[in-house]
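Undergrad: Provided herewith: query_16.cif, mmCIF, C-alpha atoms and all ligand atoms.
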```
data_data
loop_
_atom_site.label_atom_id
_atom_site.label_comp_id
_atom_site.auth_asym_id
_atom_site.auth_seq_id
_atom_site.Cartn_x
_atom_site.Cartn_y
_atom_site.Cartn_z
CA MET A 1391 49.56 114.03 110.92
CA GLU A 1392 49.76 112.15 107.63
CA ARG A 1393 47.53 109.22 106.73
CA THR A 1394 49.11 107.00 104.18
CA ASN A 1395 49.60 103.38 103.23
CA ILE A 1396 52.70 102.49 105.21
CA MET A 1397 53.70 99.91 102.60
CA LEU A 1398 54.51 102.82 100.28
CA GLN A 1399 56.82 104.45 102.82
CA ASP A 1400 60.29 103.56 104.00
CA THR A 1401 60.05 102.96 107.76
CA VAL A 1402 63.43 104.52 108.45
CA THR A 1403 65.42 106.68 106.08
CA MET A 1404 67.43 109.86 105.62
CA ASP A 1405 66.07 113.12 104.29
CA GLU A 1406 68.88 113.48 101.77
CA ARG A 1407 68.35 117.24 101.57
CA THR A 1408 68.60 118.01 105.29
CA GLY A 1409 70.53 114.92 106.46
CA GLU A 1410 67.91 114.23 109.17
CA LEU A 1411 66.85 110.78 110.32
CA VAL A 1412 63.21 110.23 109.30
CA ILE A 1413 61.18 107.49 111.01
CA ILE A 1414 57.56 106.42 111.26
CA ASP A 1415 56.66 106.75 114.96
CA GLN A 1416 55.67 103.14 115.67
CA THR A 1417 54.26 103.96 119.10
CA ARG A 1418 51.41 105.87 117.38
CA LEU A 1419 50.45 103.12 114.92
CA PRO A 1420 47.96 101.95 113.88
CA GLY A 1421 45.87 104.99 114.86
CA GLU A 1422 48.10 107.69 113.46
CA THR A 1423 50.86 107.73 110.87
CA VAL A 1424 53.31 110.30 112.16
CA PHE A 1425 56.78 110.87 110.73
CA LEU A 1426 59.52 112.13 113.05
CA ARG A 1427 62.59 114.04 111.88
CA LEU A 1428 65.47 113.62 114.28
CA SER A 1429 69.03 114.87 114.45
CA GLY A 1430 69.91 115.25 118.14
CA ALA A 1431 71.71 112.36 119.82
CA GLU A 1432 69.34 112.46 122.83
CA GLU A 1433 66.17 112.30 120.75
CA ILE A 1434 67.59 109.48 118.61
CA HIS A 1435 68.56 107.53 121.75
CA ARG A 1436 65.04 108.12 123.14
CA ALA A 1437 63.39 107.03 119.86
CA ILE A 1438 65.25 103.69 120.00
CA ARG A 1439 64.74 103.15 123.75
CA THR A 1440 61.01 103.93 123.65
CA LEU A 1441 60.44 101.83 120.48
CA GLN A 1442 59.41 104.74 118.25
CA VAL A 1443 61.77 102.91 115.93
CA ARG A 1444 62.04 99.20 116.67
CA GLY A 1445 62.87 95.86 115.07
CA ALA A 1446 66.53 94.88 114.85
CA PRO A 1447 67.29 95.98 111.25
CA ALA A 1448 65.36 99.26 111.61
CA ILE A 1449 67.26 100.03 114.82
CA GLY A 1450 70.55 99.47 112.96
CA VAL A 1451 69.60 101.73 110.06
CA ALA A 1452 68.29 104.38 112.48
CA ALA A 1453 71.55 104.31 114.44
CA ALA A 1454 73.66 104.67 111.27
CA ILE A 1455 71.66 107.56 109.86
CA GLY A 1456 71.17 108.97 113.36
CA ILE A 1457 74.86 109.19 114.19
CA TYR A 1458 75.49 110.88 110.84
CA ALA A 1459 72.64 113.34 111.51
CA ALA A 1460 74.00 114.14 114.98
CA CYS A 1461 77.63 114.52 113.83
CA ARG A 1462 76.67 116.61 110.84
CA ARG A 1463 75.93 119.41 113.30
CA LEU A 1464 79.45 119.36 114.76
CA PRO A 1465 81.87 122.14 113.75
CA ASP A 1466 84.20 121.53 110.81
CA THR A 1467 87.32 120.92 112.89
CA ASP A 1468 90.42 118.76 112.40
CA TYR A 1469 90.26 114.99 112.88
CA GLU A 1470 90.87 114.76 116.65
CA PRO A 1471 88.03 116.88 118.11
CA PHE A 1472 85.54 115.48 115.59
CA ALA A 1473 86.56 111.86 116.20
CA ARG A 1474 86.41 112.35 120.00
CA GLU A 1475 82.84 113.63 119.81
CA PHE A 1476 81.84 110.99 117.22
CA PHE A 1477 82.95 108.12 119.48
CA ARG A 1478 81.24 109.69 122.51
CA ILE A 1479 77.93 109.77 120.59
CA ARG A 1480 78.54 106.26 119.25
CA ASP A 1481 78.97 104.83 122.76
CA TYR A 1482 75.91 106.70 123.98
CA LEU A 1483 73.67 105.41 121.14
CA ALA A 1484 75.04 101.86 121.51
CA GLY A 1485 73.57 101.79 125.03
CA ALA A 1486 70.00 102.52 123.91
CA ARG A 1487 68.95 98.83 123.84
CA PRO A 1488 71.05 95.76 124.61
CA THR A 1489 69.69 92.74 122.71
CA ALA A 1490 69.46 93.57 118.99
CA VAL A 1491 73.01 93.22 117.67
CA ASN A 1492 72.19 95.34 114.62
CA LEU A 1493 72.53 98.45 116.79
CA VAL A 1494 76.22 97.86 117.61
CA TRP A 1495 76.82 96.28 114.20
CA ALA A 1496 75.72 99.47 112.39
CA LEU A 1497 77.54 101.76 114.81
CA GLU A 1498 80.70 99.67 114.42
CA ARG A 1499 80.49 100.09 110.64
CA MET A 1500 80.14 103.84 111.06
CA GLY A 1501 83.00 103.84 113.59
CA ARG A 1502 85.27 102.06 111.13
CA VAL A 1503 84.82 104.95 108.68
CA VAL A 1504 86.24 107.36 111.25
CA ARG A 1505 88.97 104.99 112.50
CA GLU A 1506 90.20 104.19 109.02
CA ASN A 1507 90.51 107.82 107.95
CA PRO A 1508 92.83 109.45 110.46
CA GLY A 1509 94.08 112.83 109.39
CA ARG A 1510 90.96 113.74 107.45
CA GLY A 1511 89.03 116.79 108.61
CA ALA A 1512 85.42 116.86 109.79
CA ARG A 1513 84.03 117.93 106.42
CA GLU A 1514 85.45 114.92 104.63
CA LEU A 1515 84.50 112.56 107.45
CA LYS A 1516 80.92 113.79 107.36
CA ALA A 1517 80.73 113.04 103.64
CA LEU A 1518 82.12 109.54 104.19
CA LEU A 1519 79.71 108.90 107.10
CA ARG A 1520 76.77 110.02 105.01
CA ALA A 1521 77.73 107.59 102.22
CA GLU A 1522 78.12 104.72 104.70
CA ALA A 1523 74.75 105.44 106.36
CA LEU A 1524 73.00 105.47 102.97
CA GLU A 1525 74.75 102.22 102.04
CA ILE A 1526 73.57 100.57 105.28
CA ARG A 1527 70.00 101.66 104.48
CA ASP A 1528 70.17 100.48 100.86
CA GLU A 1529 71.78 97.20 101.88
CA ASP A 1530 68.92 96.63 104.34
CA ILE A 1531 66.43 96.96 101.47
CA ARG A 1532 68.40 94.56 99.23
CA VAL A 1533 68.93 92.04 102.04
CA CYS A 1534 65.25 92.01 103.00
CA ARG A 1535 64.22 91.58 99.38
CA SER A 1536 66.55 88.57 99.08
CA ILE A 1537 65.21 87.07 102.31
CA GLY A 1538 61.75 87.46 100.78
CA GLU A 1539 62.80 85.65 97.60
CA ASN A 1540 64.63 82.88 99.48
CA GLY A 1541 61.79 82.42 101.96
CA LEU A 1542 59.25 82.14 99.19
CA THR A 1543 60.95 78.96 97.93
CA LEU A 1544 59.77 77.27 101.16
CA LEU A 1545 56.12 78.35 100.87
CA ARG A 1546 53.18 77.27 98.74
CA ASP A 1547 50.30 79.33 97.46
CA GLY A 1548 47.47 79.27 99.98
CA ASP A 1549 49.65 78.40 103.00
CA GLY A 1550 48.60 79.29 106.51
CA ILE A 1551 51.53 80.95 108.30
CA LEU A 1552 51.97 81.94 111.90
CA THR A 1553 54.16 84.88 112.92
CA HIS A 1554 55.10 86.44 116.25
CA CYS A 1555 55.86 90.12 116.98
CA ASN A 1556 56.50 92.33 113.96
CA ALA A 1557 59.39 91.40 111.72
CA GLY A 1558 57.83 93.12 108.75
CA GLN A 1559 58.38 96.27 106.76
CA LEU A 1560 57.91 98.27 109.96
CA ALA A 1561 60.92 96.52 111.52
CA THR A 1562 63.22 97.28 108.57
CA THR A 1563 63.42 99.95 105.89
CA ARG A 1564 61.34 97.95 103.39
CA TYR A 1565 59.79 94.42 103.08
CA GLY A 1566 60.81 93.12 106.53
CA THR A 1567 62.39 89.77 107.25
CA ALA A 1568 59.76 87.27 108.45
CA LEU A 1569 57.02 89.03 106.48
CA ALA A 1570 59.18 89.62 103.39
CA PRO A 1571 58.31 86.26 101.75
CA ILE A 1572 54.64 87.09 102.26
CA HIS A 1573 54.95 90.59 100.76
CA VAL A 1574 57.04 89.30 97.83
CA GLY A 1575 54.59 86.42 97.26
CA ARG A 1576 51.66 88.82 97.36
CA GLU A 1577 53.33 90.94 94.66
CA ARG A 1578 53.30 87.79 92.50
CA GLY A 1579 49.64 87.13 93.11
CA MET A 1580 50.11 84.41 95.74
CA ARG A 1581 47.76 84.22 98.69
CA PHE A 1582 48.67 83.41 102.26
CA HIS A 1583 46.66 83.45 105.44
CA VAL A 1584 48.71 84.84 108.30
CA PHE A 1585 47.93 84.13 111.96
CA THR A 1586 49.42 87.00 113.88
CA ASP A 1587 50.19 86.57 117.59
CA GLU A 1588 49.21 89.77 119.37
CA THR A 1589 52.59 89.68 121.22
CA ARG A 1590 52.13 90.74 124.82
CA PRO A 1591 53.01 93.08 126.40
CA LEU A 1592 53.76 95.69 123.72
CA LEU A 1593 51.40 94.26 121.08
CA GLN A 1594 53.72 94.52 118.09
CA GLY A 1595 51.66 91.77 116.43
CA ALA A 1596 48.27 93.38 116.98
CA ARG A 1597 49.32 96.99 116.42
CA LEU A 1598 51.94 96.56 113.70
CA SER A 1599 51.89 93.18 111.90
CA ALA A 1600 48.10 93.02 111.59
CA TYR A 1601 48.11 96.60 110.33
CA GLU A 1602 50.98 96.10 107.90
CA LEU A 1603 49.56 92.88 106.46
CA ALA A 1604 46.14 94.45 105.97
CA ALA A 1605 47.79 97.46 104.28
CA ASP A 1606 49.39 95.03 101.84
CA GLY A 1607 46.14 93.19 101.21
CA VAL A 1608 47.17 89.97 102.98
CA GLU A 1609 44.49 87.92 104.79
CA THR A 1610 45.24 88.07 108.49
CA THR A 1611 43.74 86.61 111.63
CA LEU A 1612 44.83 88.16 114.90
CA ILE A 1613 45.14 85.74 117.81
CA CYS A 1614 46.16 86.14 121.45
CA ASP A 1615 49.53 84.59 122.21
CA ASN A 1616 47.92 81.71 124.10
CA MET A 1617 45.87 80.67 121.02
CA ALA A 1618 48.80 79.56 118.85
CA SER A 1619 48.51 75.94 120.01
CA SER A 1620 44.82 75.92 119.17
CA VAL A 1621 45.27 77.09 115.56
CA MET A 1622 48.21 74.72 115.06
CA ALA A 1623 46.19 71.79 116.42
CA ARG A 1624 43.49 72.50 113.82
CA GLY A 1625 46.02 72.17 111.01
CA TRP A 1626 45.72 75.79 109.95
CA VAL A 1627 49.46 76.55 110.10
CA ARG A 1628 51.91 75.11 107.54
CA ALA A 1629 54.92 77.15 108.60
CA VAL A 1630 56.06 79.56 111.30
CA LEU A 1631 58.09 82.60 110.22
CA VAL A 1632 59.77 84.81 112.82
CA GLY A 1633 62.55 87.38 112.92
CA CYS A 1634 65.50 87.64 115.30
CA ASP A 1635 67.45 90.16 117.35
CA ARG A 1636 70.68 88.24 117.85
CA VAL A 1637 71.67 84.82 116.54
CA ALA A 1638 74.55 83.16 118.38
CA ALA A 1639 77.29 81.28 116.50
CA ASN A 1640 75.63 77.94 117.40
CA GLY A 1641 72.22 79.04 116.07
CA ASP A 1642 70.51 79.83 119.40
CA THR A 1643 68.29 82.82 118.62
CA ALA A 1644 67.03 85.74 120.69
CA ASN A 1645 63.76 87.18 119.47
CA LYS A 1646 60.65 88.76 120.97
CA ILE A 1647 59.47 87.24 124.22
CA GLY A 1648 57.21 84.30 123.44
CA THR A 1649 59.10 83.13 120.38
CA SER A 1650 60.65 80.12 122.14
CA GLY A 1651 57.21 78.94 123.21
CA VAL A 1652 55.99 79.12 119.61
CA ALA A 1653 59.03 77.06 118.53
CA ILE A 1654 58.23 74.39 121.14
CA LEU A 1655 54.63 74.24 119.91
CA ALA A 1656 55.74 74.03 116.28
CA ARG A 1657 57.99 71.07 117.14
CA HIS A 1658 55.10 69.36 118.92
CA TYR A 1659 52.80 69.73 115.92
CA GLY A 1660 55.51 68.94 113.33
CA ILE A 1661 55.36 72.41 111.75
CA PRO A 1662 58.56 73.89 110.26
CA PHE A 1663 59.90 76.81 112.30
CA TYR A 1664 61.88 79.28 110.18
CA VAL A 1665 63.95 82.20 111.49
CA CYS A 1666 64.41 84.95 108.91
CA ALA A 1667 67.83 86.40 109.61
CA PRO A 1668 69.87 89.05 107.87
CA LEU A 1669 73.52 88.11 108.39
CA SER A 1670 73.93 91.42 110.25
CA THR A 1671 71.91 89.79 113.06
CA VAL A 1672 74.28 86.83 113.39
CA ASP A 1673 76.80 87.53 116.14
CA MET A 1674 79.74 85.19 115.61
CA ALA A 1675 81.38 86.60 118.75
CA CYS A 1676 78.52 85.22 120.82
CA PRO A 1677 78.95 81.46 121.33
CA ASP A 1678 75.44 80.53 122.47
CA GLY A 1679 72.10 81.82 123.70
CA GLY A 1680 73.24 81.92 127.33
CA SER A 1681 75.65 84.73 126.42
CA ILE A 1682 72.95 87.01 124.98
CA GLU A 1683 71.93 89.94 127.18
CA ILE A 1684 68.15 90.07 127.49
CA GLU A 1685 66.56 93.49 127.86
CA GLN A 1686 64.33 93.86 130.93
CA ARG A 1687 61.61 96.46 130.62
CA ALA A 1688 59.34 98.45 132.94
CA ALA A 1689 56.68 96.65 135.01
CA GLU A 1690 54.04 99.15 133.86
CA GLU A 1691 54.11 97.64 130.37
CA VAL A 1692 52.50 94.57 131.95
CA THR A 1693 50.33 96.07 134.70
CA GLU A 1694 49.01 99.31 133.20
CA LEU A 1695 49.72 99.92 129.55
CA TRP A 1696 46.66 99.49 127.28
CA TYR A 1697 44.27 99.27 130.26
CA GLU A 1698 41.90 102.06 131.15
CA LYS A 1699 42.87 101.55 134.75
CA ARG A 1700 45.66 99.52 136.31
CA MET A 1701 44.66 95.84 136.23
CA ALA A 1702 47.21 94.24 138.57
CA PRO A 1703 47.46 94.80 142.32
CA GLU A 1704 49.74 97.62 143.42
CA GLY A 1705 53.15 96.35 144.44
CA VAL A 1706 52.93 93.01 142.61
CA GLU A 1707 56.31 91.77 141.44
CA VAL A 1708 56.60 91.72 137.63
CA TYR A 1709 59.07 89.91 135.38
CA ASN A 1710 59.14 91.59 131.97
CA PRO A 1711 61.93 90.35 129.68
CA ALA A 1712 61.59 91.77 126.18
CA PHE A 1713 63.16 88.74 124.48
CA ASP A 1714 63.74 85.03 124.94
CA VAL A 1715 66.14 82.55 123.39
CA THR A 1716 64.99 79.76 121.12
CA ASP A 1717 67.23 76.73 121.26
CA ALA A 1718 68.91 76.07 117.90
CA ALA A 1719 67.59 72.49 118.01
CA LEU A 1720 64.03 73.81 117.56
CA ILE A 1721 64.85 75.81 114.42
CA THR A 1722 64.18 74.10 111.09
CA ALA A 1723 66.23 76.59 109.07
CA PHE A 1724 67.46 80.18 108.89
CA ILE A 1725 66.34 82.14 105.86
CA THR A 1726 69.13 84.61 105.06
CA GLU A 1727 70.00 86.88 102.14
CA ARG A 1728 72.57 84.22 101.12
CA GLY A 1729 70.11 81.35 101.05
CA VAL A 1730 68.41 78.87 103.38
CA ILE A 1731 70.73 77.55 106.10
CA ARG A 1732 69.93 74.13 107.55
CA PRO A 1733 71.46 72.37 110.59
CA PRO A 1734 74.09 71.88 111.77
CA PHE A 1735 74.15 75.68 112.00
CA ALA A 1736 77.57 76.29 113.61
CA PRO A 1737 79.66 75.00 110.66
CA ALA A 1738 77.21 76.54 108.15
CA PHE A 1739 77.63 80.00 109.73
CA GLN A 1740 81.39 79.52 109.92
CA ARG A 1741 81.51 78.79 106.20
CA LEU A 1742 79.33 81.79 105.38
CA PHE A 1743 81.41 84.20 107.45
CA ALA A 1744 84.71 82.80 106.21
CA LYS A 1745 83.83 83.92 102.67
O1 LIG A 1801 61.17 95.00 120.99
P1 LIG A 1801 61.09 95.01 119.48
O2 LIG A 1801 59.74 95.37 118.97
O3 LIG A 1801 62.21 95.83 118.87
O4 LIG A 1801 61.36 93.49 119.07
C1 LIG A 1801 61.38 93.16 117.71
C2 LIG A 1801 61.56 91.73 117.43
O5 LIG A 1801 61.67 90.91 118.32
C3 LIG A 1801 61.67 91.33 115.98
O6 LIG A 1801 61.15 90.06 115.78
C4 LIG A 1801 63.14 91.35 115.56
O7 LIG A 1801 63.74 92.55 115.93
C5 LIG A 1801 63.31 91.13 114.10
S1 LIG A 1801 62.71 92.49 113.14
C6 LIG A 1801 63.01 92.12 111.50
#
```
Written as structure tokens, that's how I'd like the structure from this file.
Ligand code: MRU
TA:
Amino acid sequence: MERTNIMLQDTVTMDERTGELVIIDQTRLPGETVFLRLSGAEEIHRAIRTLQVRGAPAIGVAAAIGIYAACRRLPDTDYEPFAREFFRIRDYLAGARPTAVNLVWALERMGRVVRENPGRGARELKALLRAEALEIRDEDIRVCRSIGENGLTLLRDGDGILTHCNAGQLATTRYGTALAPIHVGRERGMRFHVFTDETRPLLQGARLSAYELAADGVETTLICDNMASSVMARGWVRAVLVGCDRVAANGDTANKIGTSGVAILARHYGIPFYVCAPLSTVDMACPDGGSIEIEQRAAEEVTELWYEKRMAPEGVEVYNPAFDVTDAALITAFITERGVIRPPFAPAFQRLFAK
């Protein structure tokens, strides 16, 4: 077990010597900082499904490096047998979680490398896949840094900010999306006070955001999800910053369960509600929020997890969606790597993707 400041570590990366996928096991934080080295398709699928690696961009980077790590172990055959096995593993990994589009986005990019190089042997394909996986990782770092810079233009020194879930460094390779402006501002000596929703039922806010912000020296107050209205009513919040798992072409946004409620509160109190979105999370093939598949998770996450003994009656029916959809009309702006996008979102996204 290593103990280290997680802000000095990439959350998800490749060991460039061995080709393995290296992740911080987020299920063990904040108590233990444990790095996992993975190269088998089953263990990579399990790491994504069980949230050892989580957060849309981190899932995408993990899938890209993961499929390279798994295919690296295949024999050096001709194109056909290698490509057959590659696409089998791609389809398998793509099924690990349904909502974050970054998973299929990254696997599609890796798939294109194989599709566009017919006739090349496995050795050459492996080299090309490695380069693409490293590019996806490095792009994630650049994109998050730009989101941090662009987001900072909307904030003022001393602002109180509310965030939900963890869309920080732990959800990407470095910096994060929603927490990137805060980390970048902190580097420049700015001070923010971040109210962190605990984020039931998996506590990404309490376990991960509170931990990450403290590691970076940012003032943080942890609140239960049902306290957001109270801190907003007191005038302590000047902006809400959240991440996203899939943004539809009309701007409707899927993010961690509870996000839509925060957006409704922000509208009530007249607080700007910003969604920090790498363009890899915008799904132009998805027309609106109603078309986004929402992951349903196990009842035990609500009834048992975190409690010394089960706290809900045996047999009670549980509804446990991992995400909800925030209506585009409640979103003040998207903060992307290409700038701040204001409504109407549909034509703005069309222009961005046409370029
Ligand atoms: O279930 P999780 O923990 O993967 O959900 C994560 C979120 O909802 C994040 O806000 C989102 O993926 C953006 S991460 C930059």
Undergrad: For A:Arg1427, which residue among A:Cys1634, A:Leu1545, A:Val1443, A:Ala1712 is the nearest when counting all atoms listed in the file?
TA: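 Ranking A:Cys1634, A:Leu1545, A:Val1443, A:Ala1712 by distance to A:Arg1427, first place goes to A:Val1443.
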Undergrad: Sorted by chain and rising residue number, list the residues of chain A at most 8 Å from ligand LIG 1801 (chain A) (counting all atoms listed in the file), each with its closest atom pair and distance in Å to one decimal, as a Markdown table.
TA:
```
| residue | atom | partner | partner_atom | distance |
| --- | --- | --- | --- | --- |
| A:Leu1441 | CA | A:LIG1801 | O3 | 6.5 |
| A:Val1443 | CA | A:LIG1801 | O3 | 7.7 |
| A:Arg1444 | CA | A:LIG1801 | O3 | 4.0 |
| A:Gly1445 | CA | A:LIG1801 | O7 | 3.5 |
| A:Ala1446 | CA | A:LIG1801 | O7 | 3.8 |
| A:Pro1447 | CA | A:LIG1801 | C6 | 5.8 |
| A:Ala1448 | CA | A:LIG1801 | S1 | 7.4 |
| A:Ile1449 | CA | A:LIG1801 | O3 | 7.7 |
| A:Ala1490 | CA | A:LIG1801 | O7 | 6.6 |
| A:His1554 | CA | A:LIG1801 | O6 | 7.1 |
| A:Cys1555 | CA | A:LIG1801 | O6 | 5.4 |
| A:Asn1556 | CA | A:LIG1801 | O6 | 5.5 |
| A:Ala1557 | CA | A:LIG1801 | C6 | 3.7 |
| A:Gly1558 | CA | A:LIG1801 | C6 | 5.9 |
| A:Gln1559 | CA | A:LIG1801 | C6 | 7.8 |
| A:Ala1561 | CA | A:LIG1801 | S1 | 4.7 |
| A:Thr1562 | CA | A:LIG1801 | C6 | 5.9 |
| A:Gly1566 | CA | A:LIG1801 | C6 | 5.5 |
| A:Thr1567 | CA | A:LIG1801 | C6 | 4.9 |
| A:Ala1568 | CA | A:LIG1801 | C6 | 6.6 |
| A:Leu1592 | CA | A:LIG1801 | O2 | 7.6 |
| A:Gln1594 | CA | A:LIG1801 | O2 | 6.1 |
| A:Val1632 | CA | A:LIG1801 | O6 | 6.2 |
| A:Gly1633 | CA | A:LIG1801 | C5 | 4.0 |
| A:Cys1634 | CA | A:LIG1801 | C5 | 4.3 |
| A:Asp1635 | CA | A:LIG1801 | O7 | 4.6 |
| A:Ala1644 | CA | A:LIG1801 | O5 | 7.8 |
| A:Asn1645 | CA | A:LIG1801 | O5 | 4.4 |
| A:Lys1646 | CA | A:LIG1801 | O5 | 3.6 |
| A:Ile1647 | CA | A:LIG1801 | O5 | 7.3 |
| A:Cys1666 | CA | A:LIG1801 | C6 | 7.8 |
| A:Ala1667 | CA | A:LIG1801 | C6 | 7.7 |
| A:Ala1712 | CA | A:LIG1801 | O1 | 6.1 |
| A:Phe1713 | CA | A:LIG1801 | O5 | 6.7 |
```
Undergrad: With only C-alpha atoms as the atoms that count, which of A:Asp1415, A:Asp1678, A:Asp1606, A:Asp1714 lies nearest to A:Thr1649?
TA: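 Using only C-alpha atoms, the shortest distance to A:Thr1649 belongs to A:Asp1714.
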Undergrad: Taking all atoms listed in the file into account, name the residue in A:Glu1691, A:Glu1539, A:Asp1547, A:Asp1642 that is nearest to A:Val1574.
TA: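 Closest candidate: A:Glu1539.
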Undergrad: Which is closest to A:Arg1741 among A:Met1674, A:Val1630, A:Ile1537, A:Val1412, if we use only C-alpha atoms?
TA: A:Met1674
Undergrad: Would you mind reading off the distance between atom CA of A:Ala1723 and atom CA of A:Arg1527, one decimal, in Å?
TA: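 Between these atoms lies a distance of 25.8 Å.
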Undergrad: Measure the distance from atom CA of A:Val1402 to atom CA of A:Cys1614 in Å and round it to one decimal.
TA: 28.4 Å
Undergrad: I need the residue nearest A:Gly1625 from this list: A:Asp1587, A:Asp1549, A:Glu1694, A:Asp1673. Use only C-alpha atoms for the distance.
TA: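 Nearest to A:Gly1625: A:Asp1549.
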Undergrad: Closest to A:Ala1521 among A:Ile1684, A:Ile1455, A:Ile1413, A:Leu1612, using all atoms listed in the file?
TA: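 Residue with the minimum atom-to-atom distance to A:Ala1521: A:Ile1455.
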Undergrad: Suppose you want the space between atom CA of A:Asn1616 and atom CA of A:Ala1688; what is it in Å?
TA: 22.1 Å
Undergrad: Box time for stretch 1474-1493 of chain A: axis-aligned, enclosing all its listed atoms, 6 Å extra on each side; report centre and edge lengths in Å to one decimal, as lines of an AutoDock Vina configuration file.
TA:
```
center_x = 77.7
center_y = 103.2
center_z = 119.8
size_x = 29.5
size_y = 32.9
size_z = 22.4
```
Undergrad: Compile the contact shell of A:Gly1501 as a VMD selection string: residues with an atom at most 9 Å away, counting all atoms listed in the file, same-chain residues fewer than 3 positions apart removed.
TA: chain A and resid 1476 to 1477 1480 1496 to 1498 1504 to 1506 1519
Undergrad: What's around A:Ala1523 at 12 Å? Count all atoms listed in the file, leave out sequence neighbours fewer than 4 positions away in its own chain, and write the answer as a PyMOL selection string.
TA: chain A and resi 1402-1406+1409-1411+1450-1459+1496-1501+1503+1516-1519+1527-1530
Undergrad: Residues near A:Thr1726, anyone? I mean within 10 Å using only C-alpha atoms, not counting same-chain ones fewer than 5 positions away, as a list in words.
TA: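 Counting only C-alpha atoms, the residues come to Val1533, Cys1534, Ser1536, Ile1537, Gly1538, Glu1539, Asn1540, Gly1541, Thr1567, Val1665, Cys1666, Ala1667, Pro1668, Leu1669, Ser1670, Thr1671 and Ile1731 of chain A.
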Undergrad: Give me the residues near A:Val1608 as a VMD selection string, where near means some atom within 12 Å (using all atoms listed in the file) and where sequence neighbours in that chain fewer than 2 positions away do not count.
TA: chain A and resid 1397 1548 to 1551 1569 1571 to 1577 1579 to 1586 1599 to 1606 1610 to 1611
Undergrad: Within 6 Å of (61.4, 76.6, 116.5) in the file's own coordinates, which protein, DNA or RNA residues have an atom, counting all atoms listed in the file? List them as a ChimeraX atom specification.
TA: /A:1653,1663,1720-1721
Undergrad: List as a list in words the protein and nucleic acid residues near A:Ala1702, meaning an atom at most 9 Å away when only C-alpha atoms are counted, but skip any in the same chain fewer than 3 places from it.
TA: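 Final neighbour list, sorted by chain and number: Val1692, Thr1693, Glu1694, Gly1705 and Val1706 of chain A.
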